[in-house]
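Novice: Got a structure here, written out as structure tokens. Questions coming.
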Amino acid sequence: MTLLAPPANVEIVEVAPRDGFQSIRDPLPTIDKQRCISALVDAGITRLEIGSFVSPKAIPQMADTGKLIEAFADQPALRLSALVPNLKGAELALAHGIREVVYVVSVSESHNRSNVRRSVDESLEDLGRVAERLRQTEGTRLRLDLGTCFDCPFEGTIDWQQVDRVLSQATRLADGLPMEVALCDTTGRASPYQVAEHFTQLRERHGGKGLAWAFHGHDTYGMGVANALFAIHHGATAMDSACAGLGGCPFAPGATGNTATEDLLYALQGGKVATGIDLSKLLVAADLIAALPGGQTASHLRQVPRERMR
């Protein structure tokens, strides 16, 4: 596996408002969410997964996603996306002005049934309907989140061939749409070398399809930043992370928070990789997020005295 030179720029996709907030059981006041998101935007975050359109019975925390979109809709430089598990969710996202739909399907059959209550084939069938809907809507993008790409809490290790089978079907169904594919380490059990192998093999097989590549990591085993860096050095140009390390999949037992945005940013700055994000302002946002009641955070950089950040 040959390491590629890092790109001059990497896009950070801040997922605390979705993956982070949804890990908190008791619904947070919308105004508190807005305050956190405003701090993230002030720090230079331009790509933001602002929420999801899912059943409020399943994830009550996401019931105010539409209100959050409305609150930030007047900022043209902000690229908002929303996660959806089906066509109904995609329709709701589009109706609220979202133009980047994040469609989620797990590679693992067991996790897909736990997460979205249907088979992988059923999710892929609906992906075809979502793709057709997006083709009819000017200016839309599709982001495909492939969950459990490296490990499943029910089935164990996932090899790249399993990911390839799902991705091959997905690219056929989404043919003609600009698409970013995120390989998701849902449980945080991936190792850097596994990440490298998956990206190397999958990019080799799908390199001619015009796909953009992303990585979504959790820090359960302390490998979050290392995995992200290996993903970057093997072709990923967008990184999902959550400020303060907030997060954890409610449908993946044992998964802890997302890789902390500030930890990843510190590593990227060491390699002179530009992100457009101000670290000192990001730490202000991290403190706000860490103070939310009921959240579990896992940021290393927040534990370092601020005077040492200068």
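Residue numbers start at 1 in each chain; chains themselves are named A, B, ... in the order of the structure tokens; ligands are numbered from 1 in the order shown.
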So which residues touch Ala267 (chain A) within 12 Å, counting only C-alpha atoms, skipping near sequence neighbours fewer than 2 positions away, as a list in words?

Specialist: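 Near Ala267 (chain A), the qualifying residues are Val10, Gly224, Val225, Ala226, Asn227, Ala228, Leu229, Phe230, Ile232, Thr259, Ala260, Thr261, Glu262, Asp263, Leu264, Leu265, Gln269, Gly270, Gly271, Lys272, Val273, Ala274, Thr275, Leu279, His300 and Leu301 of chain A.
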
Novice: Could you pull the residues within 12 Å of Leu127 (chain A), counting only C-alpha atoms, minus those fewer than 4 positions along the same chain, as a ChimeraX atom specification?

Specialist: /A:84-90,101-105,120-123,131-134,142-145,166-167,169-175

Novice: Any chance you could export the current selection's N, CA and C atoms as a short mmCIF file (atom, residue, chain, number, x, y, z; two decimals), in the first residue's frame?

Specialist:
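This went into selection35.cif:
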data_model
loop_
_atom_site.label_atom_id
_atom_site.label_comp_id
_atom_site.auth_asym_id
_atom_site.auth_seq_id
_atom_site.Cartn_x
_atom_site.Cartn_y
_atom_site.Cartn_z
N VAL A 84 -30.49 10.78 5.74
CA VAL A 84 -31.80 10.17 5.55
C VAL A 84 -31.62 8.66 5.36
N PRO A 85 -32.61 7.86 5.82
CA PRO A 85 -32.52 6.41 5.64
C PRO A 85 -33.42 5.88 4.54
N ASN A 86 -34.22 6.78 3.92
CA ASN A 86 -35.21 6.31 2.95
C ASN A 86 -35.72 7.48 2.11
N LEU A 87 -36.59 7.15 1.15
CA LEU A 87 -37.13 8.18 0.26
C LEU A 87 -37.95 9.21 1.01
N LYS A 88 -38.72 8.78 1.99
CA LYS A 88 -39.52 9.73 2.77
C LYS A 88 -38.63 10.77 3.43
N GLY A 89 -37.53 10.33 4.01
CA GLY A 89 -36.59 11.25 4.63
C GLY A 89 -35.99 12.20 3.62
N ALA A 90 -35.65 11.68 2.43
CA ALA A 90 -35.09 12.52 1.38
C ALA A 90 -36.08 13.59 0.93
N VAL A 101 -28.10 15.42 0.19
CA VAL A 101 -28.76 14.35 0.93
C VAL A 101 -27.73 13.27 1.26
N VAL A 102 -27.65 12.92 2.54
CA VAL A 102 -26.73 11.86 2.99
C VAL A 102 -27.57 10.60 3.18
N TYR A 103 -27.40 9.64 2.27
CA TYR A 103 -28.18 8.40 2.34
C TYR A 103 -27.33 7.34 3.03
N VAL A 104 -27.90 6.71 4.06
CA VAL A 104 -27.14 5.75 4.84
C VAL A 104 -27.63 4.33 4.59
N VAL A 105 -26.67 3.44 4.35
CA VAL A 105 -26.95 2.01 4.28
C VAL A 105 -25.73 1.30 4.85
N VAL A 120 -30.39 -4.90 3.62
CA VAL A 120 -29.50 -4.11 2.77
C VAL A 120 -30.11 -3.96 1.37
N ASP A 121 -30.66 -5.03 0.83
CA ASP A 121 -31.28 -4.96 -0.50
C ASP A 121 -32.45 -3.98 -0.52
N GLU A 122 -33.23 -3.95 0.55
CA GLU A 122 -34.35 -2.99 0.61
C GLU A 122 -33.84 -1.56 0.67
N SER A 123 -32.76 -1.33 1.41
CA SER A 123 -32.18 0.01 1.46
C SER A 123 -31.64 0.42 0.09
N ALA A 131 -32.16 8.43 -5.70
CA ALA A 131 -31.33 8.94 -6.79
C ALA A 131 -32.18 9.51 -7.92
N GLU A 132 -33.25 8.83 -8.26
CA GLU A 132 -34.13 9.32 -9.32
C GLU A 132 -34.77 10.65 -8.92
N ARG A 133 -35.14 10.76 -7.65
CA ARG A 133 -35.72 12.02 -7.16
C ARG A 133 -34.70 13.16 -7.25
N LEU A 134 -33.45 12.87 -6.92
CA LEU A 134 -32.42 13.90 -6.97
C LEU A 134 -32.10 14.31 -8.40
N LEU A 142 -25.54 13.91 -3.84
CA LEU A 142 -25.77 12.69 -3.06
C LEU A 142 -24.50 12.32 -2.32
N ARG A 143 -24.64 12.12 -1.05
CA ARG A 143 -23.55 11.58 -0.23
C ARG A 143 -24.00 10.20 0.23
N LEU A 144 -23.20 9.18 -0.01
CA LEU A 144 -23.53 7.82 0.40
C LEU A 144 -22.68 7.45 1.61
N ASP A 145 -23.32 7.25 2.75
CA ASP A 145 -22.63 6.79 3.95
C ASP A 145 -22.76 5.28 4.04
N VAL A 166 -21.70 -3.94 -1.98
CA VAL A 166 -22.74 -2.94 -1.75
C VAL A 166 -22.46 -1.69 -2.56
N LEU A 167 -21.21 -1.26 -2.60
CA LEU A 167 -20.86 -0.05 -3.34
C LEU A 167 -21.11 -0.22 -4.84
N GLN A 169 -23.40 -1.99 -6.32
CA GLN A 169 -24.83 -1.83 -6.57
C GLN A 169 -25.25 -0.36 -6.43
N ALA A 170 -24.69 0.30 -5.43
CA ALA A 170 -25.05 1.70 -5.18
C ALA A 170 -24.63 2.60 -6.33
N THR A 171 -23.43 2.41 -6.86
CA THR A 171 -22.97 3.27 -7.96
C THR A 171 -23.80 3.04 -9.22
N ARG A 172 -24.25 1.83 -9.42
CA ARG A 172 -25.12 1.57 -10.58
C ARG A 172 -26.45 2.30 -10.41
N LEU A 173 -27.00 2.28 -9.22
CA LEU A 173 -28.29 2.92 -8.98
C LEU A 173 -28.20 4.44 -9.03
N ALA A 174 -27.04 4.97 -8.66
CA ALA A 174 -26.86 6.43 -8.61
C ALA A 174 -26.15 6.97 -9.84
N ASP A 175 -26.07 6.19 -10.88
CA ASP A 175 -25.35 6.58 -12.09
C ASP A 175 -25.83 7.95 -12.59
#

Novice: Rounded to one decimal place, report the CA of Pro56 (chain A)-CA of Ala242 (chain A) distance in Å.

Specialist: 22.1 Å

Novice: Which one is closest to Glu204 (chain A): A:Gly235, A:Ile69, A:Cys243, A:Arg99? Count only C-alpha atoms.

Specialist: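 With only C-alpha atoms as the atom set, the closest residue is A:Gly235.
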
Novice: If you measure from CA of Gln161 (chain A) to CA of Trp213 (chain A), what distance in Å do you get, rounded to one decimal?

Specialist: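 Taking CA of Gln161 (chain A) and CA of Trp213 (chain A), their separation equals 17.2 Å.
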
Novice: Please measure the separation of CA of Ala58 (chain A) and CA of Arg117 (chain A), giving the value in Å to one decimal.

Specialist: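 CA of Arg117 (chain A) lies at a distance of 10.6 Å from CA of Ala58 (chain A).
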
Novice: Enumerate as a PDB file with N, CA, C and O atoms, in the first residue's frame all residues of region 23-185 of chain A assigned to strand (DSSP E or B) by DSSP on the backbone, naming them with the chain letters and numbers the document uses.

Specialist:
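What ended up in out_14.pdb:
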ATOM      1  N   ARG A  47     -18.774  22.957   6.078  1.00  0.00           N
ATOM      2  CA  ARG A  47     -19.593  21.786   5.775  1.00  0.00           C
ATOM      3  C   ARG A  47     -20.152  21.240   7.087  1.00  0.00           C
ATOM      4  O   ARG A  47     -19.392  20.954   8.016  1.00  0.00           O
ATOM      5  N   LEU A  48     -21.471  21.086   7.126  1.00  0.00           N
ATOM      6  CA  LEU A  48     -22.125  20.757   8.387  1.00  0.00           C
ATOM      7  C   LEU A  48     -23.255  19.775   8.141  1.00  0.00           C
ATOM      8  O   LEU A  48     -24.160  20.046   7.357  1.00  0.00           O
ATOM      9  N   GLU A  49     -23.180  18.602   8.774  1.00  0.00           N
ATOM     10  CA  GLU A  49     -24.306  17.672   8.764  1.00  0.00           C
ATOM     11  C   GLU A  49     -25.225  18.115   9.899  1.00  0.00           C
ATOM     12  O   GLU A  49     -24.989  17.814  11.061  1.00  0.00           O
ATOM     13  N   ILE A  50     -26.277  18.832   9.528  1.00  0.00           N
ATOM     14  CA  ILE A  50     -27.047  19.580  10.524  1.00  0.00           C
ATOM     15  C   ILE A  50     -28.076  18.723  11.259  1.00  0.00           C
ATOM     16  O   ILE A  50     -28.586  19.108  12.305  1.00  0.00           O
ATOM     17  N   GLY A  51     -28.378  17.560  10.749  1.00  0.00           N
ATOM     18  CA  GLY A  51     -29.348  16.695  11.417  1.00  0.00           C
ATOM     19  C   GLY A  51     -29.759  15.559  10.509  1.00  0.00           C
ATOM     20  O   GLY A  51     -29.087  15.259   9.517  1.00  0.00           O
ATOM     21  N   SER A  52     -30.875  14.938  10.858  1.00  0.00           N
ATOM     22  CA  SER A  52     -31.379  13.838  10.039  1.00  0.00           C
ATOM     23  C   SER A  52     -32.895  13.890  10.004  1.00  0.00           C
ATOM     24  O   SER A  52     -33.541  14.449  10.893  1.00  0.00           O
ATOM     25  N   ARG A  79     -22.358  24.868   3.655  1.00  0.00           N
ATOM     26  CA  ARG A  79     -22.847  23.701   2.921  1.00  0.00           C
ATOM     27  C   ARG A  79     -23.501  22.735   3.906  1.00  0.00           C
ATOM     28  O   ARG A  79     -22.832  22.015   4.630  1.00  0.00           O
ATOM     29  N   LEU A  80     -24.823  22.767   3.926  1.00  0.00           N
ATOM     30  CA  LEU A  80     -25.587  21.946   4.862  1.00  0.00           C
ATOM     31  C   LEU A  80     -25.979  20.621   4.227  1.00  0.00           C
ATOM     32  O   LEU A  80     -26.354  20.561   3.048  1.00  0.00           O
ATOM     33  N   SER A  81     -25.934  19.566   5.011  1.00  0.00           N
ATOM     34  CA  SER A  81     -26.420  18.262   4.567  1.00  0.00           C
ATOM     35  C   SER A  81     -27.267  17.661   5.672  1.00  0.00           C
ATOM     36  O   SER A  81     -27.210  18.088   6.830  1.00  0.00           O
ATOM     37  N   ALA A  82     -28.072  16.680   5.307  1.00  0.00           N
ATOM     38  CA  ALA A  82     -28.907  15.981   6.289  1.00  0.00           C
ATOM     39  C   ALA A  82     -28.931  14.503   5.947  1.00  0.00           C
ATOM     40  O   ALA A  82     -29.026  14.124   4.773  1.00  0.00           O
ATOM     41  N   LEU A  83     -28.852  13.685   6.968  1.00  0.00           N
ATOM     42  CA  LEU A  83     -28.856  12.232   6.784  1.00  0.00           C
ATOM     43  C   LEU A  83     -30.287  11.724   6.664  1.00  0.00           C
ATOM     44  O   LEU A  83     -31.180  12.165   7.395  1.00  0.00           O
ATOM     45  N   VAL A  84     -30.489  10.784   5.740  1.00  0.00           N
ATOM     46  CA  VAL A  84     -31.803  10.167   5.552  1.00  0.00           C
ATOM     47  C   VAL A  84     -31.623   8.664   5.359  1.00  0.00           C
ATOM     48  O   VAL A  84     -30.630   8.217   4.781  1.00  0.00           O
ATOM     49  N   GLU A 100     -27.980  18.659  -0.223  1.00  0.00           N
ATOM     50  CA  GLU A 100     -27.037  17.535  -0.126  1.00  0.00           C
ATOM     51  C   GLU A 100     -27.652  16.495   0.799  1.00  0.00           C
ATOM     52  O   GLU A 100     -27.711  16.682   2.020  1.00  0.00           O
ATOM     53  N   VAL A 101     -28.100  15.419   0.191  1.00  0.00           N
ATOM     54  CA  VAL A 101     -28.758  14.349   0.928  1.00  0.00           C
ATOM     55  C   VAL A 101     -27.732  13.275   1.257  1.00  0.00           C
ATOM     56  O   VAL A 101     -27.008  12.790   0.378  1.00  0.00           O
ATOM     57  N   VAL A 102     -27.646  12.920   2.536  1.00  0.00           N
ATOM     58  CA  VAL A 102     -26.733  11.861   2.987  1.00  0.00           C
ATOM     59  C   VAL A 102     -27.566  10.596   3.183  1.00  0.00           C
ATOM     60  O   VAL A 102     -28.348  10.495   4.125  1.00  0.00           O
ATOM     61  N   TYR A 103     -27.398   9.644   2.267  1.00  0.00           N
ATOM     62  CA  TYR A 103     -28.175   8.405   2.344  1.00  0.00           C
ATOM     63  C   TYR A 103     -27.326   7.345   3.032  1.00  0.00           C
ATOM     64  O   TYR A 103     -26.184   7.094   2.652  1.00  0.00           O
ATOM     65  N   VAL A 104     -27.901   6.708   4.058  1.00  0.00           N
ATOM     66  CA  VAL A 104     -27.137   5.754   4.844  1.00  0.00           C
ATOM     67  C   VAL A 104     -27.627   4.330   4.593  1.00  0.00           C
ATOM     68  O   VAL A 104     -28.827   4.052   4.586  1.00  0.00           O
ATOM     69  N   VAL A 105     -26.671   3.443   4.350  1.00  0.00           N
ATOM     70  CA  VAL A 105     -26.950   2.012   4.283  1.00  0.00           C
ATOM     71  C   VAL A 105     -25.734   1.297   4.854  1.00  0.00           C
ATOM     72  O   VAL A 105     -24.589   1.677   4.591  1.00  0.00           O
ATOM     73  N   SER A 106     -25.966   0.304   5.673  1.00  0.00           N
ATOM     74  CA  SER A 106     -24.862  -0.444   6.273  1.00  0.00           C
ATOM     75  C   SER A 106     -24.455  -1.601   5.368  1.00  0.00           C
ATOM     76  O   SER A 106     -25.294  -2.221   4.707  1.00  0.00           O
ATOM     77  N   ARG A 141     -26.894  17.156  -4.481  1.00  0.00           N
ATOM     78  CA  ARG A 141     -25.770  16.230  -4.395  1.00  0.00           C
ATOM     79  C   ARG A 141     -26.202  15.018  -3.571  1.00  0.00           C
ATOM     80  O   ARG A 141     -27.069  15.126  -2.701  1.00  0.00           O
ATOM     81  N   LEU A 142     -25.536  13.907  -3.836  1.00  0.00           N
ATOM     82  CA  LEU A 142     -25.773  12.691  -3.065  1.00  0.00           C
ATOM     83  C   LEU A 142     -24.500  12.323  -2.324  1.00  0.00           C
ATOM     84  O   LEU A 142     -23.421  12.246  -2.921  1.00  0.00           O
ATOM     85  N   ARG A 143     -24.639  12.118  -1.053  1.00  0.00           N
ATOM     86  CA  ARG A 143     -23.546  11.580  -0.229  1.00  0.00           C
ATOM     87  C   ARG A 143     -24.000  10.202   0.234  1.00  0.00           C
ATOM     88  O   ARG A 143     -25.095  10.053   0.787  1.00  0.00           O
ATOM     89  N   LEU A 144     -23.204   9.180  -0.009  1.00  0.00           N
ATOM     90  CA  LEU A 144     -23.529   7.819   0.402  1.00  0.00           C
ATOM     91  C   LEU A 144     -22.680   7.450   1.605  1.00  0.00           C
ATOM     92  O   LEU A 144     -21.458   7.367   1.513  1.00  0.00           O
ATOM     93  N   ASP A 145     -23.321   7.254   2.749  1.00  0.00           N
ATOM     94  CA  ASP A 145     -22.631   6.791   3.954  1.00  0.00           C
ATOM     95  C   ASP A 145     -22.762   5.279   4.041  1.00  0.00           C
ATOM     96  O   ASP A 145     -23.857   4.746   4.271  1.00  0.00           O
ATOM     97  N   LEU A 146     -21.660   4.588   3.863  1.00  0.00           N
ATOM     98  CA  LEU A 146     -21.650   3.127   3.963  1.00  0.00           C
ATOM     99  C   LEU A 146     -21.250   2.753   5.390  1.00  0.00           C
ATOM    100  O   LEU A 146     -20.067   2.835   5.772  1.00  0.00           O
ATOM    101  N   GLY A 147     -22.238   2.406   6.204  1.00  0.00           N
ATOM    102  CA  GLY A 147     -21.986   2.065   7.595  1.00  0.00           C
ATOM    103  C   GLY A 147     -21.330   0.708   7.752  1.00  0.00           C
ATOM    104  O   GLY A 147     -21.404  -0.150   6.868  1.00  0.00           O
ATOM    105  N   ASP A 151     -16.123  -2.910  10.553  1.00  0.00           N
ATOM    106  CA  ASP A 151     -16.483  -3.787  11.671  1.00  0.00           C
ATOM    107  C   ASP A 151     -17.970  -3.634  11.944  1.00  0.00           C
ATOM    108  O   ASP A 151     -18.532  -2.546  11.795  1.00  0.00           O
ATOM    109  N   CYS A 152     -18.605  -4.741  12.319  1.00  0.00           N
ATOM    110  CA  CYS A 152     -20.012  -4.730  12.701  1.00  0.00           C
ATOM    111  C   CYS A 152     -20.122  -5.212  14.142  1.00  0.00           C
ATOM    112  O   CYS A 152     -19.461  -6.198  14.510  1.00  0.00           O
ATOM    113  N   GLY A 156     -18.827  -8.810  13.394  1.00  0.00           N
ATOM    114  CA  GLY A 156     -17.377  -8.771  13.456  1.00  0.00           C
ATOM    115  C   GLY A 156     -16.743  -8.043  12.282  1.00  0.00           C
ATOM    116  O   GLY A 156     -17.343  -7.156  11.674  1.00  0.00           O
ATOM    117  N   THR A 157     -15.527  -8.454  11.948  1.00  0.00           N
ATOM    118  CA  THR A 157     -14.736  -7.764  10.925  1.00  0.00           C
ATOM    119  C   THR A 157     -15.413  -7.825   9.553  1.00  0.00           C
ATOM    120  O   THR A 157     -15.921  -8.873   9.138  1.00  0.00           O
ATOM    121  N   MET A 179     -21.518  12.100  -6.671  1.00  0.00           N
ATOM    122  CA  MET A 179     -21.662  11.371  -5.409  1.00  0.00           C
ATOM    123  C   MET A 179     -20.346  11.315  -4.644  1.00  0.00           C
ATOM    124  O   MET A 179     -19.290  11.062  -5.219  1.00  0.00           O
ATOM    125  N   GLU A 180     -20.453  11.555  -3.359  1.00  0.00           N
ATOM    126  CA  GLU A 180     -19.342  11.364  -2.439  1.00  0.00           C
ATOM    127  C   GLU A 180     -19.638  10.107  -1.632  1.00  0.00           C
ATOM    128  O   GLU A 180     -20.743   9.943  -1.108  1.00  0.00           O
ATOM    129  N   VAL A 181     -18.656   9.230  -1.537  1.00  0.00           N
ATOM    130  CA  VAL A 181     -18.815   7.968  -0.810  1.00  0.00           C
ATOM    131  C   VAL A 181     -18.002   8.033   0.475  1.00  0.00           C
ATOM    132  O   VAL A 181     -16.786   8.264   0.437  1.00  0.00           O
ATOM    133  N   ALA A 182     -18.677   7.847   1.594  1.00  0.00           N
ATOM    134  CA  ALA A 182     -17.995   7.840   2.895  1.00  0.00           C
ATOM    135  C   ALA A 182     -17.912   6.413   3.412  1.00  0.00           C
ATOM    136  O   ALA A 182     -18.933   5.738   3.566  1.00  0.00           O
ATOM    137  N   LEU A 183     -16.701   5.958   3.667  1.00  0.00           N
ATOM    138  CA  LEU A 183     -16.499   4.681   4.340  1.00  0.00           C
ATOM    139  C   LEU A 183     -16.556   4.957   5.837  1.00  0.00           C
ATOM    140  O   LEU A 183     -15.766   5.740   6.364  1.00  0.00           O
ATOM    141  N   CYS A 184     -17.504   4.325   6.511  1.00  0.00           N
ATOM    142  CA  CYS A 184     -17.786   4.654   7.912  1.00  0.00           C
ATOM    143  C   CYS A 184     -17.298   3.570   8.861  1.00  0.00           C
ATOM    144  O   CYS A 184     -17.696   2.404   8.739  1.00  0.00           O
TER     145      CYS A 184
END

Novice: I'd like the contact shell of Asn258 (chain A) - 10 Å cut-off, only C-alpha atoms, skipping same-chain residues fewer than 3 positions apart - returned as a list in words.

Specialist: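 In the requested format, the answer is Val15, Ala16, Asp19, Gly20, Asp185, Thr186, Thr187, Gly188, His216, Gly217, His218, Asp219, Thr220, Gly224, Asp240, Ser241, Ala242, Cys243, Ala244, Gly245, Leu246, Gly247, Gly248, Cys249, Ala255, Thr261, Thr297, Ala298 and Ser299 of chain A.
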
Novice: Tell me which of A:Leu288, A:Leu282, A:Val107, A:Val13 sits closest to Gly44 (chain A), counting only C-alpha atoms.

Specialist: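 Checking each of A:Leu288, A:Leu282, A:Val107, A:Val13 against Gly44 (chain A), counting only C-alpha atoms, the winner is A:Leu282.
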
Novice: Mind checking DSSP for region 58-179 of chain A and telling me the helix (DSSP H, G or I) residues as a VMD selection string?

Specialist: chain A and resid 60 to 62 65 to 72 87 to 95 109 to 116 120 to 135 160 to 173

Novice: Near Tyr221 (chain A), counting only C-alpha atoms, which residues have an atom at most 9 Å away, once you skip same-chain residues fewer than 6 positions from it, shown as a compact mmCIF listing (two decimals) with C-alpha atoms, in the first residue's frame?

Specialist:
# COMPACT_ATOMS: atom_id res chain seq x y z
CA GLY A 188 -14.44 2.69 15.95
CA ARG A 189 -12.67 -0.68 15.77
CA ALA A 190 -10.87 -0.13 12.45
CA SER A 191 -7.07 0.00 12.33
CA THR A 256 -18.14 5.75 21.54

Novice: Determine the nearest neighbour of Ser108 (chain A) from the options A:Phe72, A:Phe21, A:Tyr193, A:Trp160, counting only C-alpha atoms.

Specialist: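 Closest to Ser108 (chain A), using only C-alpha atoms: A:Trp160.
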
Novice: Determine the nearest neighbour of Gly222 (chain A) from the options A:Leu292, A:Glu91, A:Gly257, A:Ser168, counting only C-alpha atoms.

Specialist: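 Distance minimum relative to Gly222 (chain A) lands on A:Gly257.
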
Novice: Compare A:Gln22, A:Thr46, A:Ser38, A:Asn112 by their minimum atom-to-atom distance to Ile277 (chain A), counting only C-alpha atoms, and give me the closest one.

Specialist: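 Once distances to Ile277 (chain A) are computed over only C-alpha atoms, the minimum belongs to A:Thr46.
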
Novice: When distances are computed from only C-alpha atoms, which of A:Ala63, A:Ala39, A:Lys57, A:Leu4 shows the smallest separation from Phe199 (chain A)?

Specialist: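 Checking each candidate against Phe199 (chain A), we get A:Leu4 as the closest.
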
Novice: Show me, as a list in words, the residues that have an atom within 8 Å of Gly97 (chain A) when counting only C-alpha atoms, minus same-chain residues fewer than 3 positions from it.

Specialist: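 In the requested format, the answer is Ile69, Ala73, Ala93 and Leu94 of chain A.
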
Novice: May I have the residues within 10 Å of Arg35 (chain A) as a tab-separated table (two decimals) with N, CA and C atoms, in the first residue's frame, using only C-alpha atoms and disregarding those fewer than 5 positions away in the same chain?

Specialist:
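Written file, around_11.tsv:
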chain	number	residue	atom	x	y	z
A	30	THR	N	-33.69	23.66	21.18
A	30	THR	CA	-33.20	24.06	19.86
A	30	THR	C	-32.25	25.25	19.96
A	40	LEU	N	-19.48	26.86	15.87
A	40	LEU	CA	-18.76	26.06	14.87
A	40	LEU	C	-18.56	26.86	13.58
A	285	ALA	N	-15.99	26.43	20.68
A	285	ALA	CA	-17.17	25.63	20.33
A	285	ALA	C	-17.16	24.30	21.06
A	288	LEU	N	-18.45	24.66	24.56
A	288	LEU	CA	-19.91	24.79	24.56
A	288	LEU	C	-20.58	23.43	24.42
A	289	ILE	N	-20.08	22.63	23.48
A	289	ILE	CA	-20.66	21.32	23.22
A	289	ILE	C	-20.44	20.38	24.40
